[in-house]
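Structure data follow from target.pdb (PDB, C-alpha atoms and all ligand atoms):
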ATOM      1  CA  MET A 204      -8.348 -11.454 -10.932
ATOM      2  CA  LEU A 205      -8.583  -8.068 -12.559
ATOM      3  CA  TYR A 206     -11.502  -5.733 -12.265
ATOM      4  CA  THR A 207     -12.621  -3.419 -14.996
ATOM      5  CA  LYS A 208     -13.891   0.055 -14.186
ATOM      6  CA  ARG A 209     -17.450  -1.183 -14.495
ATOM      7  CA  LYS A 210     -16.806  -4.072 -12.163
ATOM      8  CA  THR A 211     -15.139  -1.673  -9.694
ATOM      9  CA  MET A 212     -18.258   0.498  -9.745
ATOM     10  CA  LYS A 213     -20.302  -2.603  -9.076
ATOM     11  CA  ILE A 214     -18.113  -3.509  -6.104
ATOM     12  CA  TRP A 215     -18.598  -0.014  -4.659
ATOM     13  CA  LYS A 216     -22.350  -0.265  -5.104
ATOM     14  CA  GLU A 217     -22.434  -3.664  -3.391
ATOM     15  CA  ILE A 218     -20.293  -2.356  -0.553
ATOM     16  CA  LEU A 219     -22.500   0.694  -0.040
ATOM     17  CA  LYS A 220     -25.671  -1.384  -0.165
ATOM     18  CA  ALA A 221     -24.263  -3.909   2.304
ATOM     19  CA  ALA A 222     -23.127  -1.077   4.594
ATOM     20  CA  ALA A 223     -26.595   0.487   4.460
ATOM     21  CA  ARG A 224     -28.058  -2.861   5.524
ATOM     22  CA  GLY A 225     -25.421  -3.185   8.236
ATOM     23  CA  GLN A 226     -23.987  -6.276   6.557
ATOM     24  CA  SER A 227     -20.381  -7.204   6.096
ATOM     25  CA  LEU A 228     -18.625  -8.463   3.001
ATOM     26  CA  PRO A 229     -16.097 -11.285   2.715
ATOM     27  CA  PHE A 230     -12.510 -10.092   2.626
ATOM     28  CA  ASP A 231     -11.206  -9.811  -0.928
ATOM     29  CA  ALA A 232      -7.716  -8.349  -1.350
ATOM     30  CA  ASP A 233      -8.167  -8.065  -5.106
ATOM     31  CA  ALA A 234     -11.400  -6.119  -4.842
ATOM     32  CA  LEU A 235      -9.862  -3.812  -2.239
ATOM     33  CA  MET A 236      -6.805  -3.235  -4.421
ATOM     34  CA  SER A 237      -9.082  -2.390  -7.340
ATOM     35  CA  LEU A 238     -10.701   0.276  -5.187
ATOM     36  CA  ALA A 239      -7.290   1.569  -4.119
ATOM     37  CA  ARG A 240      -6.264   1.729  -7.774
ATOM     38  CA  GLU A 241      -9.404   3.697  -8.527
ATOM     39  CA  GLN A 242      -8.288   6.232  -5.910
ATOM     40  CA  ALA A 243      -4.816   6.272  -7.450
ATOM     41  CA  THR A 244      -6.287   7.010 -10.867
ATOM     42  CA  LYS A 245      -8.170   9.969  -9.395
ATOM     43  CA  ALA A 246      -4.920  11.313  -7.957
ATOM     44  CA  GLY A 247      -3.189  10.835 -11.304
ATOM     45  CA  ASN A 248      -5.958  12.778 -13.037
ATOM     46  CA  ARG A 249      -5.244  15.686 -10.693
ATOM     47  CA  GLY A 250      -1.553  15.577 -11.592
ATOM     48  CA  GLU A 251      -0.521  13.823  -8.396
ATOM     49  CA  VAL A 252       1.649  10.725  -8.401
ATOM     50  CA  PRO A 253      -1.094   8.059  -8.670
ATOM     51  CA  ILE A 254      -1.204   6.279  -5.331
ATOM     52  CA  GLY A 255      -4.377   5.216  -3.573
ATOM     53  CA  ALA A 256      -5.287   3.496  -0.318
ATOM     54  CA  VAL A 257      -8.288   1.815   1.286
ATOM     55  CA  LEU A 258      -8.990   0.971   4.919
ATOM     56  CA  TRP A 259     -10.872  -2.219   5.697
ATOM     57  CA  SER A 260     -12.133  -3.409   9.061
ATOM     58  CA  GLU A 261     -14.658  -6.002  10.246
ATOM     59  CA  GLY A 262     -16.097  -6.693   6.838
ATOM     60  CA  ARG A 263     -16.426  -3.054   5.903
ATOM     61  CA  ILE A 264     -14.527  -0.513   3.930
ATOM     62  CA  LEU A 265     -14.190   2.413   6.268
ATOM     63  CA  LEU A 266     -12.371   4.874   4.065
ATOM     64  CA  SER A 267     -10.406   5.464   0.945
ATOM     65  CA  ALA A 268      -7.840   8.142   0.176
ATOM     66  CA  SER A 269      -5.290   9.186  -2.381
ATOM     67  CA  ASN A 270      -2.034  11.058  -2.644
ATOM     68  CA  GLN A 271      -2.687  14.783  -2.045
ATOM     69  CA  ARG A 272       0.822  16.146  -1.817
ATOM     70  CA  GLU A 273       0.586  18.619  -4.688
ATOM     71  CA  ARG A 274      -2.968  19.774  -4.077
ATOM     72  CA  LYS A 275      -2.362  20.423  -0.392
ATOM     73  CA  THR A 276       1.320  21.303  -0.830
ATOM     74  CA  ARG A 277       1.849  19.021   2.091
ATOM     75  CA  THR A 278       5.075  17.048   2.507
ATOM     76  CA  ALA A 279       3.296  14.283   4.371
ATOM     77  CA  GLY A 280       0.329  14.161   1.982
ATOM     78  CA  HIS A 281       0.845  10.526   0.989
ATOM     79  CA  ALA A 282      -2.242   8.348   0.505
ATOM     80  CA  GLU A 283      -1.657   6.422   3.740
ATOM     81  CA  ILE A 284      -1.293   9.601   5.813
ATOM     82  CA  GLU A 285      -4.423  11.056   4.179
ATOM     83  CA  LEU A 286      -6.229   7.831   5.068
ATOM     84  CA  LEU A 287      -5.119   8.033   8.695
ATOM     85  CA  ASP A 288      -6.017  11.734   8.905
ATOM     86  CA  LYS A 289      -9.517  11.000   7.609
ATOM     87  CA  TYR A 290      -9.866   8.120  10.045
ATOM     88  CA  ASN A 291      -8.675  10.247  12.981
ATOM     89  CA  SER A 292     -11.121  13.058  12.321
ATOM     90  CA  LEU A 293     -14.089  10.824  11.433
ATOM     91  CA  TYR A 294     -13.729   8.313  14.250
ATOM     92  CA  GLY A 295     -12.090  10.532  16.857
ATOM     93  CA  THR A 296      -9.293   8.126  17.675
ATOM     94  CA  TRP A 297      -5.669   7.693  16.615
ATOM     95  CA  ARG A 298      -5.811   3.918  16.941
ATOM     96  CA  LEU A 299      -7.087   1.824  14.066
ATOM     97  CA  PRO A 300      -9.532  -0.994  14.872
ATOM     98  CA  PRO A 301      -7.896  -4.284  15.954
ATOM     99  CA  ASP A 302      -8.461  -6.080  12.644
ATOM    100  CA  SER A 303      -7.736  -3.180  10.323
ATOM    101  CA  VAL A 304      -6.220  -3.802   6.913
ATOM    102  CA  VAL A 305      -4.636  -0.964   4.943
ATOM    103  CA  VAL A 306      -4.494  -1.638   1.217
ATOM    104  CA  VAL A 307      -2.233   0.633  -0.805
ATOM    105  CA  THR A 308      -1.154   0.539  -4.434
ATOM    106  CA  LEU A 309       2.559   1.193  -3.777
ATOM    107  CA  GLU A 310       4.886  -0.131  -1.091
ATOM    108  CA  PRO A 311       4.623   2.382   1.790
ATOM    109  CA  CYS A 312       7.588   4.699   2.295
ATOM    110  CA  LEU A 313       9.338   4.769   5.662
ATOM    111  CA  MET A 314       7.226   7.701   6.895
ATOM    112  CA  CYS A 315       3.993   5.867   6.097
ATOM    113  CA  THR A 316       5.297   2.558   7.432
ATOM    114  CA  GLY A 317       6.057   4.340  10.696
ATOM    115  CA  ALA A 318       2.644   6.001  10.764
ATOM    116  CA  LEU A 319       0.855   2.698  10.091
ATOM    117  CA  LEU A 320       2.799   1.050  12.902
ATOM    118  CA  GLN A 321       1.912   3.961  15.203
ATOM    119  CA  ALA A 322      -1.741   3.645  14.189
ATOM    120  CA  ARG A 323      -1.614  -0.083  15.056
ATOM    121  CA  ALA A 324      -2.667  -1.373  11.645
ATOM    122  CA  SER A 325      -3.077  -5.175  11.692
ATOM    123  CA  LYS A 326      -2.193  -5.783   8.113
ATOM    124  CA  ILE A 327      -0.646  -3.861   5.222
ATOM    125  CA  ILE A 328      -1.307  -5.058   1.687
ATOM    126  CA  TYR A 329       0.510  -3.312  -1.109
ATOM    127  CA  GLY A 330       0.574  -3.646  -4.866
ATOM    128  CA  CYS A 331       3.947  -2.883  -6.399
ATOM    129  CA  LYS A 332       7.345  -2.501  -4.805
ATOM    130  CA  ASP A 333       9.181   0.781  -4.414
ATOM    131  CA  THR A 334      11.691   0.522  -7.253
ATOM    132  CA  LYS A 335      14.375   2.289  -5.219
ATOM    133  CA  ASN A 336      13.998  -0.310  -2.459
ATOM    134  CA  ALA A 337      13.714   2.529   0.017
ATOM    135  CA  GLY A 338      10.382   1.701   1.634
ATOM    136  CA  LEU A 339       8.744  -0.761   3.993
ATOM    137  CA  ARG A 340      10.961  -3.649   2.904
ATOM    138  CA  LEU A 341      13.955  -1.916   4.467
ATOM    139  CA  VAL A 342      12.436  -2.487   7.886
ATOM    140  CA  GLN A 343      10.218  -5.494   7.199
ATOM    141  CA  GLN A 344      12.552  -7.904   8.947
ATOM    142  CA  GLN A 345      12.715  -5.653  12.014
ATOM    143  CA  ILE A 346       8.914  -5.328  12.048
ATOM    144  CA  GLU A 347       8.442  -9.082  11.780
ATOM    145  CA  SER A 348      11.048  -9.833  14.425
ATOM    146  CA  GLY A 349       9.302  -7.538  16.914
ATOM    147  CA  VAL A 350      11.842  -4.711  17.149
ATOM    148  CA  PHE A 351       8.974  -2.195  17.197
ATOM    149  CA  ASP A 352       6.287  -2.188  19.875
ATOM    150  CA  HIS A 353       3.711  -3.233  17.276
ATOM    151  CA  THR A 354       3.903  -5.874  14.579
ATOM    152  CA  VAL A 355       1.919  -5.823  11.381
ATOM    153  CA  THR A 356       1.303  -8.554   8.829
ATOM    154  CA  ILE A 357       2.587  -7.628   5.391
ATOM    155  CA  GLN A 358       1.371  -8.876   2.033
ATOM    156  CA  SER A 359       2.756  -7.652  -1.262
ATOM    157  CA  GLY A 360       2.220  -8.170  -4.963
ATOM    158  CA  VAL A 361      -1.570  -7.792  -5.172
ATOM    159  CA  GLN A 362      -2.181  -6.521  -8.723
ATOM    160  CA  GLU A 363       1.522  -5.699  -8.772
ATOM    161  CA  LYS A 364       1.773  -5.320 -12.546
ATOM    162  CA  GLN A 365      -1.198  -2.956 -12.836
ATOM    163  CA  CYS A 366      -0.046  -0.814  -9.917
ATOM    164  CA  ALA A 367       3.485  -0.566 -11.336
ATOM    165  CA  GLU A 368       2.257   0.198 -14.841
ATOM    166  CA  MET A 369       0.074   3.003 -13.594
ATOM    167  CA  LEU A 370       3.092   4.658 -11.945
ATOM    168  CA  SER A 371       5.507   4.153 -14.823
ATOM    169  CA  LYS A 372       2.940   5.523 -17.273
ATOM    170  CA  PHE A 373       2.455   8.590 -15.079
ATOM    171  CA  PHE A 374       6.197   9.321 -14.963
ATOM    172  CA  GLN A 375       6.597   8.634 -18.678
ATOM    173  CA  ASP A 376       3.827  11.108 -19.483
ATOM    174  CA  ARG A 377       5.345  13.675 -17.148
ATOM    175  CA  ARG A 378       8.782  13.344 -18.725
ATOM    176  CA  ARG A 379       7.193  13.704 -22.145
ATOM    177  CA  GLN A 380       5.384  16.871 -21.070
ATOM    178  CA  LYS A 381       8.586  18.360 -19.675
ATOM    179  CA  ALA A 382      10.617  17.514 -22.775
TER
HETATM  180 ZN    ZN A 401       4.482   7.459   2.236
END
Mind turning this structure into structure tokens?
Amino acid sequence: MLYTKRKTMKIWKEILKAAARGQSLPFDADALMSLAREQATKAGNRGEVPIGAVLWSEGRILLSASNQRERKTRTAGHAEIELLDKYNSLYGTWRLPPDSVVVVTLEPCLMCTGALLQARASKIIYGCKDTKNAGLRLVQQQIESGVFDHTVTIQSGVQEKQCAEMLSKFFQDRRRQKA
């Protein structure tokens, strides 16, 4: 299922209303990916590589974040790291809640995969694959076979086409501008 911008706004409104009432919402990977894509679009509008992430736990969206590498001139400013940083300072703990799901538009790189393992994420959902095959999938088998001291469930391909298109369009535009 694909969400339009209007529908995405509606999802946000419903989420905020439910949160204000202290209610939870049923888990919906598509809706969460739409919100992550919205964050990615914001990053793209700032001239950042468009990547966005959302953190979900116990029927609530806790946070969203986007790639901030250029704006902050920060090597580690990937969307997932920004998400964890926000979580750390808002909740005062390095450990994510036990049922936390991190939804991100692009396959996490090795740095972010490591950080999400360290943060004890329960599940990672990503949209499109890293085209250089240099991300999470390199270590997925090791993660799933318990090599690390934490295992995380991995789901890929949620709105894969839209997430990939957003990135390829961004790089196309950038090449065109440089030409
Ligand atoms: Zn990363």
Quiz item: Can I get the residues close to ligand ZN 401 (chain A) as a PyMOL selection string, where close means within 12 Å and we count all atoms listed in the file?
Solution: chain A and resi 252+254-256+269-272+277-287+307-319+329+333+337-339
Quiz item: A:Arg240, A:Trp259, A:Arg249, A:Lys381: which is nearest Lys364 of chain A, counting all atoms listed in the file?
Solution: A:Arg240
Quiz item: If we count all atoms listed in the file, what is near Val306 of chain A at a cut-off of 10 Å, once residues fewer than 6 positions away on the same chain are taken out, given as a PyMOL selection string?
Solution: chain A and resi 232-233+235-240+255-259+267+283+326-330+358-359+361
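Proximity ranking of A:Met369, A:Val355, A:Leu320, A:Ala382 relative to Ala246 of chain A places A:Met369 first, based on only C-alpha atoms.
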Quiz item: With all atoms listed in the file as the atoms that count, which of A:Cys366, A:Ala243, A:Ile264, A:Leu341 lies nearest to Pro229 of chain A?
Solution: A:Ile264
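The smallest atom-to-atom distance between Leu293 of chain A and any of A:Phe373, A:Leu265, A:Gly349, A:Glu273, using only C-alpha atoms, is found for A:Leu265.
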Practice problem: Tell me which of A:Cys331, A:Gln242, A:Phe230, A:Tyr294 sits closest to Glu368 of chain A, counting all atoms listed in the file. | Solution: A:Cys331
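In this model, the gap between atom CA of Thr276 of chain A and atom CA of Ala367 of chain A comes to 24.4 Å.
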Exercise. Calculate how many Å separate atom CA of Asp302 of chain A from atom CA of Ala322 of chain A, rounding to one decimal.
Key: 11.9 Å
Expected axis-aligned box over every listed atom of segment 335-350 of chain A, 6 Å added per side, centre plus edges in Å to one decimal, as JSON:
{"center_x": 11.4, "center_y": -3.7, "center_z": 6.0, "size_x": 17.9, "size_y": 24.4, "size_z": 34.4}
